[in-house]
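Shown below: model-v6.cif, with mmCIF, N, CA and C atoms.
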```
data_query
loop_
_atom_site.label_atom_id
_atom_site.label_comp_id
_atom_site.auth_asym_id
_atom_site.auth_seq_id
_atom_site.Cartn_x
_atom_site.Cartn_y
_atom_site.Cartn_z
N MET A 193 -65.95 23.37 -22.84
CA MET A 193 -64.74 23.63 -23.59
C MET A 193 -65.13 23.85 -25.05
N ARG A 194 -64.48 24.84 -25.68
CA ARG A 194 -64.78 25.18 -27.06
C ARG A 194 -63.98 24.31 -28.02
N LYS A 195 -64.66 23.73 -28.99
CA LYS A 195 -63.99 22.91 -29.99
C LYS A 195 -63.44 23.81 -31.09
N GLU A 196 -62.19 23.62 -31.45
CA GLU A 196 -61.57 24.43 -32.50
C GLU A 196 -61.94 23.87 -33.86
N VAL A 197 -62.44 24.74 -34.72
CA VAL A 197 -62.84 24.36 -36.06
C VAL A 197 -62.04 25.20 -37.05
N SER A 198 -61.47 24.57 -38.05
CA SER A 198 -60.74 25.30 -39.08
C SER A 198 -61.69 25.72 -40.19
N VAL A 199 -61.44 26.90 -40.75
CA VAL A 199 -62.25 27.42 -41.83
C VAL A 199 -61.34 27.71 -43.01
N ARG A 200 -61.69 27.20 -44.15
CA ARG A 200 -60.93 27.46 -45.36
C ARG A 200 -61.33 28.82 -45.90
N THR A 201 -60.32 29.69 -46.13
CA THR A 201 -60.59 31.05 -46.58
C THR A 201 -59.58 31.44 -47.64
N THR A 202 -60.03 32.14 -48.63
CA THR A 202 -59.15 32.68 -49.66
C THR A 202 -58.86 34.13 -49.32
N LEU A 203 -57.58 34.48 -49.26
CA LEU A 203 -57.17 35.83 -48.92
C LEU A 203 -56.24 36.38 -49.98
N ASP A 204 -56.33 37.66 -50.25
CA ASP A 204 -55.38 38.34 -51.12
C ASP A 204 -54.41 39.09 -50.22
N LEU A 205 -53.21 38.53 -50.06
CA LEU A 205 -52.21 39.10 -49.17
C LEU A 205 -50.99 39.54 -49.97
N PRO A 206 -50.39 40.65 -49.62
CA PRO A 206 -49.17 41.08 -50.30
C PRO A 206 -48.06 40.05 -50.08
N ASP A 207 -47.47 39.53 -51.16
CA ASP A 207 -46.44 38.50 -51.06
C ASP A 207 -45.26 38.93 -50.19
N ILE A 208 -44.81 40.16 -50.40
CA ILE A 208 -43.64 40.64 -49.66
C ILE A 208 -43.94 40.70 -48.16
N LEU A 209 -45.10 41.20 -47.80
CA LEU A 209 -45.48 41.29 -46.39
C LEU A 209 -45.62 39.90 -45.76
N LEU A 210 -46.24 38.99 -46.47
CA LEU A 210 -46.41 37.63 -45.96
C LEU A 210 -45.06 36.95 -45.78
N ALA A 211 -44.16 37.10 -46.76
CA ALA A 211 -42.83 36.50 -46.66
C ALA A 211 -42.05 37.09 -45.50
N GLU A 212 -42.15 38.40 -45.32
CA GLU A 212 -41.45 39.06 -44.21
C GLU A 212 -42.00 38.59 -42.86
N ALA A 213 -43.31 38.47 -42.77
CA ALA A 213 -43.94 37.99 -41.54
C ALA A 213 -43.53 36.55 -41.25
N GLN A 214 -43.47 35.74 -42.29
CA GLN A 214 -43.09 34.33 -42.12
C GLN A 214 -41.66 34.22 -41.60
N ARG A 215 -40.76 35.02 -42.15
CA ARG A 215 -39.37 35.01 -41.66
C ARG A 215 -39.31 35.53 -40.22
N ALA A 216 -40.07 36.58 -39.94
CA ALA A 216 -40.03 37.20 -38.61
C ALA A 216 -40.49 36.25 -37.51
N CYS A 217 -41.52 35.46 -37.79
CA CYS A 217 -42.05 34.58 -36.74
C CYS A 217 -41.51 33.15 -36.84
N GLY A 218 -40.80 32.85 -37.92
CA GLY A 218 -40.20 31.52 -38.05
C GLY A 218 -41.19 30.43 -38.40
N ALA A 219 -42.34 30.82 -38.93
CA ALA A 219 -43.35 29.83 -39.31
C ALA A 219 -42.90 29.07 -40.55
N LYS A 220 -43.28 27.80 -40.61
CA LYS A 220 -42.90 26.97 -41.76
C LYS A 220 -43.89 27.10 -42.92
N THR A 221 -45.10 27.52 -42.61
CA THR A 221 -46.12 27.62 -43.66
C THR A 221 -46.78 29.00 -43.62
N LYS A 222 -47.42 29.34 -44.73
CA LYS A 222 -48.16 30.60 -44.79
C LYS A 222 -49.35 30.55 -43.84
N THR A 223 -49.98 29.41 -43.75
CA THR A 223 -51.12 29.26 -42.84
C THR A 223 -50.70 29.50 -41.41
N MET A 224 -49.58 28.92 -41.02
CA MET A 224 -49.10 29.10 -39.65
C MET A 224 -48.72 30.55 -39.41
N THR A 225 -48.20 31.22 -40.42
CA THR A 225 -47.87 32.64 -40.30
C THR A 225 -49.12 33.45 -39.99
N VAL A 226 -50.18 33.21 -40.72
CA VAL A 226 -51.43 33.94 -40.52
C VAL A 226 -52.03 33.60 -39.15
N VAL A 227 -52.00 32.34 -38.76
CA VAL A 227 -52.54 31.94 -37.46
C VAL A 227 -51.76 32.61 -36.33
N MET A 228 -50.44 32.64 -36.44
CA MET A 228 -49.62 33.27 -35.41
C MET A 228 -49.89 34.77 -35.35
N ALA A 229 -50.05 35.41 -36.49
CA ALA A 229 -50.33 36.84 -36.53
C ALA A 229 -51.70 37.14 -35.90
N LEU A 230 -52.69 36.32 -36.21
CA LEU A 230 -54.02 36.52 -35.63
C LEU A 230 -53.99 36.32 -34.12
N GLN A 231 -53.26 35.31 -33.67
CA GLN A 231 -53.16 35.06 -32.23
C GLN A 231 -52.48 36.23 -31.53
N GLN A 232 -51.44 36.77 -32.16
CA GLN A 232 -50.75 37.92 -31.59
C GLN A 232 -51.68 39.13 -31.50
N LEU A 233 -52.49 39.34 -32.52
CA LEU A 233 -53.45 40.44 -32.53
C LEU A 233 -54.48 40.29 -31.41
N VAL A 234 -54.99 39.09 -31.25
CA VAL A 234 -55.97 38.82 -30.19
C VAL A 234 -55.34 39.02 -28.82
N ASN A 235 -54.13 38.54 -28.63
CA ASN A 235 -53.44 38.70 -27.35
C ASN A 235 -53.20 40.17 -27.03
N ALA A 236 -52.79 40.95 -28.02
CA ALA A 236 -52.54 42.38 -27.81
C ALA A 236 -53.84 43.10 -27.42
N ALA A 237 -54.94 42.73 -28.05
CA ALA A 237 -56.23 43.35 -27.73
C ALA A 237 -56.64 43.01 -26.30
N LYS A 238 -56.41 41.77 -25.87
CA LYS A 238 -56.75 41.37 -24.50
C LYS A 238 -55.91 42.12 -23.48
N ILE A 239 -54.64 42.31 -23.79
CA ILE A 239 -53.76 43.06 -22.89
C ILE A 239 -54.24 44.50 -22.76
N GLU A 240 -54.63 45.09 -23.87
CA GLU A 240 -55.14 46.47 -23.84
C GLU A 240 -56.43 46.56 -23.01
N GLN A 241 -57.28 45.55 -23.12
CA GLN A 241 -58.51 45.54 -22.32
C GLN A 241 -58.18 45.48 -20.84
N LEU A 242 -57.19 44.67 -20.48
CA LEU A 242 -56.78 44.58 -19.07
C LEU A 242 -56.16 45.89 -18.60
N ARG A 243 -55.34 46.51 -19.45
CA ARG A 243 -54.73 47.79 -19.08
C ARG A 243 -55.79 48.87 -18.86
N ALA A 244 -56.86 48.81 -19.61
CA ALA A 244 -57.93 49.79 -19.46
C ALA A 244 -58.59 49.68 -18.09
N LEU A 245 -58.50 48.50 -17.47
CA LEU A 245 -59.08 48.29 -16.15
C LEU A 245 -58.18 48.77 -15.01
N ARG A 246 -56.93 49.09 -15.35
CA ARG A 246 -55.96 49.48 -14.32
C ARG A 246 -56.49 50.67 -13.52
N GLY A 247 -56.51 50.50 -12.21
CA GLY A 247 -56.97 51.55 -11.32
C GLY A 247 -58.48 51.59 -11.15
N LYS A 248 -59.20 50.76 -11.85
CA LYS A 248 -60.66 50.77 -11.78
C LYS A 248 -61.22 49.65 -10.91
N ILE A 249 -60.36 48.71 -10.56
CA ILE A 249 -60.80 47.58 -9.74
C ILE A 249 -60.09 47.66 -8.40
N ARG A 250 -60.87 47.65 -7.34
CA ARG A 250 -60.29 47.72 -6.01
C ARG A 250 -60.16 46.30 -5.46
N LEU A 251 -58.94 45.95 -5.12
CA LEU A 251 -58.67 44.64 -4.54
C LEU A 251 -58.24 44.83 -3.10
N ASP A 252 -58.85 44.11 -2.21
CA ASP A 252 -58.49 44.15 -0.80
C ASP A 252 -57.63 42.92 -0.52
N VAL A 253 -56.36 43.03 -0.86
CA VAL A 253 -55.46 41.88 -0.79
C VAL A 253 -54.22 42.26 0.00
N ASP A 254 -53.77 41.34 0.87
CA ASP A 254 -52.53 41.52 1.60
C ASP A 254 -51.42 40.81 0.80
N LEU A 255 -50.68 41.59 0.01
CA LEU A 255 -49.66 40.99 -0.85
C LEU A 255 -48.58 40.28 -0.06
N LYS A 256 -48.20 40.81 1.08
CA LYS A 256 -47.16 40.16 1.89
C LYS A 256 -47.61 38.77 2.32
N ALA A 257 -48.86 38.64 2.71
CA ALA A 257 -49.37 37.34 3.12
C ALA A 257 -49.42 36.38 1.93
N LEU A 258 -49.79 36.88 0.76
CA LEU A 258 -49.85 36.03 -0.42
C LEU A 258 -48.47 35.56 -0.86
N ARG A 259 -47.50 36.44 -0.70
CA ARG A 259 -46.14 36.11 -1.15
C ARG A 259 -45.43 35.19 -0.17
N GLY A 260 -45.89 35.12 1.04
CA GLY A 260 -45.31 34.21 2.02
C GLY A 260 -43.84 34.46 2.25
N GLU A 261 -43.01 33.45 2.03
CA GLU A 261 -41.60 33.56 2.34
C GLU A 261 -40.82 34.38 1.32
N ARG A 262 -41.46 34.83 0.24
CA ARG A 262 -40.76 35.65 -0.74
C ARG A 262 -40.59 37.09 -0.27
N VAL A 263 -41.20 37.45 0.84
CA VAL A 263 -41.06 38.80 1.38
C VAL A 263 -39.60 39.02 1.75
N ALA A 264 -39.13 40.22 1.60
CA ALA A 264 -37.75 40.61 1.94
C ALA A 264 -36.73 40.00 0.99
N GLY A 265 -37.14 39.67 -0.21
CA GLY A 265 -36.20 39.24 -1.24
C GLY A 265 -35.75 37.80 -1.16
N THR A 266 -36.32 37.01 -0.30
CA THR A 266 -35.91 35.60 -0.22
C THR A 266 -36.86 34.76 -1.06
N TRP A 267 -36.33 33.81 -1.72
CA TRP A 267 -37.12 32.91 -2.56
C TRP A 267 -36.96 31.50 -2.04
N PRO A 268 -38.02 30.73 -2.12
CA PRO A 268 -37.90 29.33 -1.69
C PRO A 268 -36.93 28.59 -2.62
N SER A 269 -36.20 27.65 -2.05
CA SER A 269 -35.25 26.90 -2.88
C SER A 269 -36.02 25.96 -3.81
N ARG A 270 -35.44 25.76 -4.96
CA ARG A 270 -36.08 24.85 -5.93
C ARG A 270 -35.73 23.41 -5.61
N ARG A 271 -36.73 22.58 -5.67
CA ARG A 271 -36.50 21.15 -5.44
C ARG A 271 -36.33 20.48 -6.79
N ARG A 272 -35.36 19.65 -6.90
CA ARG A 272 -35.11 18.95 -8.17
C ARG A 272 -35.19 17.48 -7.99
#
```
Let me see the file written as structure tokens.
Amino acid sequence: MRKEVSVRTTLDLPDILLAEAQRACGAKTKTMTVVMALQQLVNAAKIEQLRALRGKIRLDVDLKALRGERVAGTWPSRRR
């Protein structure tokens, strides 16, 4: 497991852009705004990498068997 380490960094960011981003994501701090933006960027890049694989990987899977009772639009009842 990778240990998360924080790094102190000085950045020159446009005030208006940072304030707009902070309002948009609802972050309480500028640091959290930047962290959320970086996480979003990383997630978007990962999604694009997965999309690039579309049609390039052959899976020999029986979806009906995997879905079990969900076939034909029925869903298992939720237990509470």
Checklist entry - By how many Å are atom C of Glu240 of chain A and atom C of Val226 of chain A apart? => result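 According to the coordinates, atom C of Glu240 of chain A and atom C of Val226 of chain A are separated by 21.2 Å.
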Item to check | Contacts of Leu210 of chain A at 8 Å (all atoms listed in the file; same-chain gap of 6+ positions) as a VMD selection string | outcome: chain A and resid 216 222 225 to 226
Item to check | Between atom C of Leu203 of chain A and atom C of Leu230 of chain A, distance in Å (one decimal) | outcome: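 Those two atoms sit 16.0 Å apart.
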Item to check | atom C of Thr221 of chain A to atom CA of Gln241 of chain A, distance in Å rounded to a single decimal | outcome: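 Pair atom C of Thr221 of chain A / atom CA of Gln241 of chain A returns 29.4 Å.
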Next on the checklist: With DSSP run on the backbone, what are the helix (DSSP H, G or I) residues within chain A? I'd like them as a PyMOL selection string.
Outcome noted: chain A and resi 207-217+222-244+255-265
Next on the checklist: For the provided coordinates, the residues matched by the PyMOL selection byres (((chain A and resi 211 and name CA) around 12) and name CA) should be stated as number ranges by chain.
Outcome noted: A: 205-210, 212-226
